[in-house]
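Student: The structure follows.
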Amino acid sequence: MGTLTAQVQLTEAELKLLQTLVYQECGMYFDERRTHFLRDRLQRRLKACQIDSFHNYYRLLTSREGKPELASLLENLTVNETSFYRNKPQLELFQKTLLEDLLRRKQERRDWTLRVWSAGCSTGQEAFTAAIQICDALAYYYLRNPLPFEVPSPKPLIPPPWRLEILASDISYAALRAGQEGIFSEAHMEPVDYTTRLRYFEKTGDRYAIKKALKELVQFDFHNLKTEFLPQRNDFIFCRNVMIYFDEAEQKRLVDKFYNCLNPEGYLLVGHAESLFGLSTKFRMIHRNNGTAYQRIEGNA
Ligand SMILES: C[S@@+](CC[C@H](N)C(=O)[O-])C[C@H]1O[C@@H](n2cnc3c(N)ncnc32)[C@H](O)[C@@H]1O
């Protein structure tokens, strides 16, 4: 087969077919404002696969052998923009109020497990930021309320008997691989202050690597938010700047699933431009100093 250079002609109906397939597979909805993006990425995939008709490409996507190509297409349609400490007022609320309350409630119950899920984690900065904030919050909490146990020396990031599990998930394998690697450029590090860099990062050449002890707290894994089987028993779910790419029906379904993926009184944190208004009445809004989070209301299952 020769190299394809010319663009494949696409009809509106063909584009609509692709839009529907993408929506069914991952919930991303490409309305009229975003069809140029869909068209552009489709052309790139056609070229990469050396396929010269939409019909043949669609047949591939919907066949069993076409699964890897479908995954590549979806990956190419995702927007992976992210950063450390994104939406600082919300993270202040997370660390200073929500975490404090949760640590106290859990300690009273002698429940020492803390489970956090970064759903749509991209390259991991959101999950690593949460890990840093939790380590700092635990250290500060036990500075004021010493643990009734002997703490080993040197102090581990997570004082026993606490267990912290952070799951970072995405549908982009490339993003997951980058997160797993945990190495960031100077530009990525811009929001990270120097004391945090010293505690949690190692300089390797002109880049910064997450230190092993912190890295081990975060597990990266593939999860498609469109599916029904999602990680359960979370105390916090961060799903920020993901739902903006879904339509309202899919947002409602997802928020409903998140309700069931949270522990009683667990928290859902959505992006700055997102809200649960009109999507669910099963959460109460917590708003402080420009930071917003949602807490699961009980008796609503
Ligand atoms: C803009 S990034 C947001 C990253 C991070 N949450 C933040 O706020 O900085 C959106 C991420 O959602 C992921 N995503 C989109 N649809 C998804 C789906 N159905 N399941 C899982 N992840 C998805 C994309 O791959 C992308 O990495």
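Following the order of the structure tokens, chains are lettered A, B, ..., residues in each are numbered from 1, and ligands are numbered from 1.
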Quick one: residues within 10 Å of A:Leu77, only C-alpha atoms, excluding same-chain residues fewer than 2 positions away - as a ChimeraX atom specification?
Tutor: /A:22,28,30,37-38,40-42,71-75,79-80,172
Student: Per residue of chain A within 9 Å of ligand 1, note the shortest atom pair and the distance in Å to one decimal, counting only C-alpha atoms and all ligand atoms, and order the rows by chain and increasing residue number, as a Markdown table.
Tutor:
| residue | atom | partner | partner_atom_place_in_ligand_line | distance |
| --- | --- | --- | --- | --- |
| A:Tyr23 | CA | ligand 1 | 19 (N) | 8.9 |
| A:Glu25 | CA | ligand 1 | 19 (N) | 7.5 |
| A:Cys26 | CA | ligand 1 | 19 (N) | 4.0 |
| A:Gly27 | CA | ligand 1 | 19 (N) | 5.5 |
| A:Met28 | CA | ligand 1 | 16 (N) | 6.0 |
| A:Leu74 | CA | ligand 1 | 25 (O) | 8.1 |
| A:Glu75 | CA | ligand 1 | 25 (O) | 6.4 |
| A:Asn76 | CA | ligand 1 | 25 (O) | 8.7 |
| A:Leu77 | CA | ligand 1 | 25 (O) | 8.0 |
| A:Thr78 | CA | ligand 1 | 25 (O) | 4.6 |
| A:Val79 | CA | ligand 1 | 1 (C) | 5.0 |
| A:Asn80 | CA | ligand 1 | 27 (O) | 4.1 |
| A:Glu81 | CA | ligand 1 | 1 (C) | 4.6 |
| A:Thr82 | CA | ligand 1 | 9 (O) | 3.5 |
| A:Ser83 | CA | ligand 1 | 9 (O) | 5.5 |
| A:Phe84 | CA | ligand 1 | 9 (O) | 7.7 |
| A:Tyr85 | CA | ligand 1 | 9 (O) | 8.7 |
| A:Arg86 | CA | ligand 1 | 9 (O) | 6.2 |
| A:Asn87 | CA | ligand 1 | 8 (O) | 8.5 |
| A:Ser118 | CA | ligand 1 | 6 (N) | 6.8 |
| A:Ala119 | CA | ligand 1 | 22 (N) | 6.4 |
| A:Gly120 | CA | ligand 1 | 12 (O) | 3.8 |
| A:Cys121 | CA | ligand 1 | 6 (N) | 4.6 |
| A:Ser122 | CA | ligand 1 | 27 (O) | 3.4 |
| A:Thr123 | CA | ligand 1 | 27 (O) | 7.0 |
| A:Gly124 | CA | ligand 1 | 5 (C) | 7.7 |
| A:Gln125 | CA | ligand 1 | 9 (O) | 7.0 |
| A:Glu126 | CA | ligand 1 | 9 (O) | 5.8 |
| A:Ala127 | CA | ligand 1 | 6 (N) | 8.6 |
| A:Ser169 | CA | ligand 1 | 21 (C) | 6.6 |
| A:Asp170 | CA | ligand 1 | 22 (N) | 3.9 |
| A:Ile171 | CA | ligand 1 | 21 (C) | 4.5 |
| A:Ser172 | CA | ligand 1 | 25 (O) | 4.8 |
| A:Tyr173 | CA | ligand 1 | 25 (O) | 8.4 |
| A:Ala175 | CA | ligand 1 | 27 (O) | 6.5 |
| A:Leu176 | CA | ligand 1 | 27 (O) | 8.5 |
| A:Phe222 | CA | ligand 1 | 21 (C) | 7.6 |
| A:His223 | CA | ligand 1 | 21 (C) | 5.7 |
| A:Asn224 | CA | ligand 1 | 20 (N) | 3.7 |
| A:Leu225 | CA | ligand 1 | 20 (N) | 3.9 |
| A:Lys226 | CA | ligand 1 | 19 (N) | 5.1 |
| A:Thr227 | CA | ligand 1 | 19 (N) | 8.1 |
| A:Phe238 | CA | ligand 1 | 6 (N) | 7.0 |
| A:Cys239 | CA | ligand 1 | 6 (N) | 5.7 |
| A:Arg240 | CA | ligand 1 | 8 (O) | 4.2 |
| A:Asn241 | CA | ligand 1 | 8 (O) | 4.6 |
| A:Val242 | CA | ligand 1 | 10 (C) | 4.5 |
| A:Met243 | CA | ligand 1 | 16 (N) | 7.8 |
| A:Ile244 | CA | ligand 1 | 1 (C) | 8.7 |
| A:Tyr245 | CA | ligand 1 | 15 (C) | 7.2 |
| A:Phe246 | CA | ligand 1 | 16 (N) | 8.0 |
| A:Val270 | CA | ligand 1 | 8 (O) | 8.1 |
| A:Gly271 | CA | ligand 1 | 8 (O) | 6.2 |
| A:His272 | CA | ligand 1 | 8 (O) | 8.8 |
Student: As a ChimeraX atom specification, which residues of stretch 125-285 of chain A does DSSP assign to strand (DSSP E or B)?
Tutor: /A:163-170,183-184,201-204,207-210,218-222,234-239,246,262-270,283-285
Student: Store the residues picked out above in a file with N, CA and C atoms, as a short mmCIF file (atom, residue, chain, number, x, y, z; two decimals), in the first residue's frame.
Tutor:
data_model
loop_
_atom_site.label_atom_id
_atom_site.label_comp_id
_atom_site.auth_asym_id
_atom_site.auth_seq_id
_atom_site.Cartn_x
_atom_site.Cartn_y
_atom_site.Cartn_z
N ARG A 163 -3.12 3.33 56.45
CA ARG A 163 -2.79 2.83 55.10
C ARG A 163 -3.40 3.78 54.09
N LEU A 164 -2.60 4.22 53.15
CA LEU A 164 -3.10 5.13 52.12
C LEU A 164 -3.03 4.43 50.77
N GLU A 165 -4.17 4.43 50.08
CA GLU A 165 -4.18 3.85 48.73
C GLU A 165 -4.70 4.93 47.79
N ILE A 166 -3.88 5.29 46.83
CA ILE A 166 -4.32 6.28 45.83
C ILE A 166 -4.33 5.59 44.47
N LEU A 167 -5.48 5.59 43.85
CA LEU A 167 -5.58 5.02 42.51
C LEU A 167 -5.69 6.17 41.52
N ALA A 168 -4.85 6.13 40.49
CA ALA A 168 -4.91 7.13 39.43
C ALA A 168 -5.29 6.41 38.15
N SER A 169 -6.42 6.76 37.56
CA SER A 169 -6.87 6.01 36.39
C SER A 169 -7.19 6.93 35.22
N ASP A 170 -7.08 6.34 34.03
CA ASP A 170 -7.35 7.11 32.80
C ASP A 170 -7.63 6.13 31.67
N ILE A 183 8.26 11.53 36.22
CA ILE A 183 9.37 12.47 36.01
C ILE A 183 8.82 13.72 35.32
N PHE A 184 9.16 14.88 35.88
CA PHE A 184 8.52 16.11 35.40
C PHE A 184 9.55 17.19 35.06
N PHE A 201 10.75 15.28 45.82
CA PHE A 201 11.30 15.09 44.47
C PHE A 201 12.82 14.93 44.53
N GLU A 202 13.34 14.28 43.49
CA GLU A 202 14.79 14.20 43.32
C GLU A 202 15.12 14.80 41.97
N LYS A 203 16.20 15.57 41.92
CA LYS A 203 16.56 16.19 40.64
C LYS A 203 17.35 15.16 39.84
N THR A 204 16.92 14.89 38.61
CA THR A 204 17.70 14.01 37.73
C THR A 204 17.94 14.79 36.45
N ARG A 207 15.45 17.48 35.16
CA ARG A 207 14.06 17.13 35.47
C ARG A 207 13.92 16.68 36.93
N TYR A 208 12.69 16.55 37.36
CA TYR A 208 12.41 16.18 38.74
C TYR A 208 11.67 14.85 38.78
N ALA A 209 12.19 13.92 39.58
CA ALA A 209 11.54 12.60 39.72
C ALA A 209 10.87 12.53 41.09
N ILE A 210 9.67 11.98 41.09
CA ILE A 210 8.97 11.77 42.37
C ILE A 210 9.78 10.76 43.18
N VAL A 218 0.97 5.73 44.94
CA VAL A 218 0.03 5.94 43.83
C VAL A 218 0.10 4.77 42.83
N GLN A 219 -1.05 4.16 42.61
CA GLN A 219 -1.15 3.06 41.65
C GLN A 219 -1.82 3.57 40.38
N PHE A 220 -1.22 3.39 39.24
CA PHE A 220 -1.84 3.82 37.98
C PHE A 220 -2.52 2.63 37.31
N ASP A 221 -3.72 2.86 36.79
CA ASP A 221 -4.44 1.76 36.16
C ASP A 221 -5.44 2.29 35.12
N PHE A 222 -5.76 1.45 34.17
CA PHE A 222 -6.74 1.82 33.15
C PHE A 222 -8.16 1.61 33.68
N ASN A 234 -14.19 4.46 48.12
CA ASN A 234 -13.27 5.59 48.16
C ASN A 234 -13.72 6.62 49.19
N ASP A 235 -12.74 7.26 49.82
CA ASP A 235 -13.07 8.37 50.72
C ASP A 235 -13.14 9.68 49.92
N PHE A 236 -12.30 9.76 48.92
CA PHE A 236 -12.31 10.94 48.03
C PHE A 236 -12.24 10.48 46.58
N ILE A 237 -13.05 11.11 45.75
CA ILE A 237 -12.88 10.94 44.30
C ILE A 237 -12.59 12.32 43.72
N PHE A 238 -11.45 12.41 43.06
CA PHE A 238 -11.16 13.61 42.27
C PHE A 238 -11.55 13.26 40.83
N CYS A 239 -12.53 13.96 40.29
CA CYS A 239 -12.81 13.79 38.87
C CYS A 239 -12.96 15.20 38.32
N PHE A 246 -18.19 15.38 28.52
CA PHE A 246 -19.35 14.48 28.42
C PHE A 246 -20.62 15.32 28.25
N LEU A 262 -18.29 5.79 46.49
CA LEU A 262 -17.77 6.49 47.67
C LEU A 262 -18.19 5.79 48.94
N ASN A 263 -17.35 5.89 49.96
CA ASN A 263 -17.74 5.45 51.30
C ASN A 263 -18.80 6.41 51.83
N PRO A 264 -19.58 5.99 52.84
CA PRO A 264 -20.53 6.93 53.43
C PRO A 264 -19.83 8.24 53.82
N GLU A 265 -20.47 9.34 53.49
CA GLU A 265 -19.97 10.70 53.75
C GLU A 265 -18.66 11.01 53.01
N GLY A 266 -18.35 10.21 51.97
CA GLY A 266 -17.15 10.49 51.16
C GLY A 266 -17.36 11.73 50.29
N TYR A 267 -16.25 12.17 49.70
CA TYR A 267 -16.28 13.46 48.99
C TYR A 267 -15.96 13.30 47.50
N LEU A 268 -16.65 14.09 46.71
CA LEU A 268 -16.38 14.17 45.27
C LEU A 268 -15.89 15.58 44.95
N LEU A 269 -14.75 15.65 44.26
CA LEU A 269 -14.20 16.95 43.88
C LEU A 269 -14.20 17.05 42.36
N VAL A 270 -14.91 18.03 41.85
CA VAL A 270 -14.98 18.20 40.39
C VAL A 270 -14.21 19.46 40.00
N PHE A 283 -25.77 14.78 46.84
CA PHE A 283 -24.55 15.33 47.44
C PHE A 283 -24.85 16.70 48.04
N ARG A 284 -24.18 17.02 49.13
CA ARG A 284 -24.28 18.39 49.66
C ARG A 284 -23.01 19.14 49.26
N MET A 285 -23.25 20.42 48.90
CA MET A 285 -22.11 21.22 48.45
C MET A 285 -21.40 21.83 49.65
#
Student: Could you state the separation of atom CA of A:Arg105 and atom CA of A:Phe277 in Å, given to one decimal place?
Tutor: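 That distance, rounded to one decimal, is 27.7 Å.
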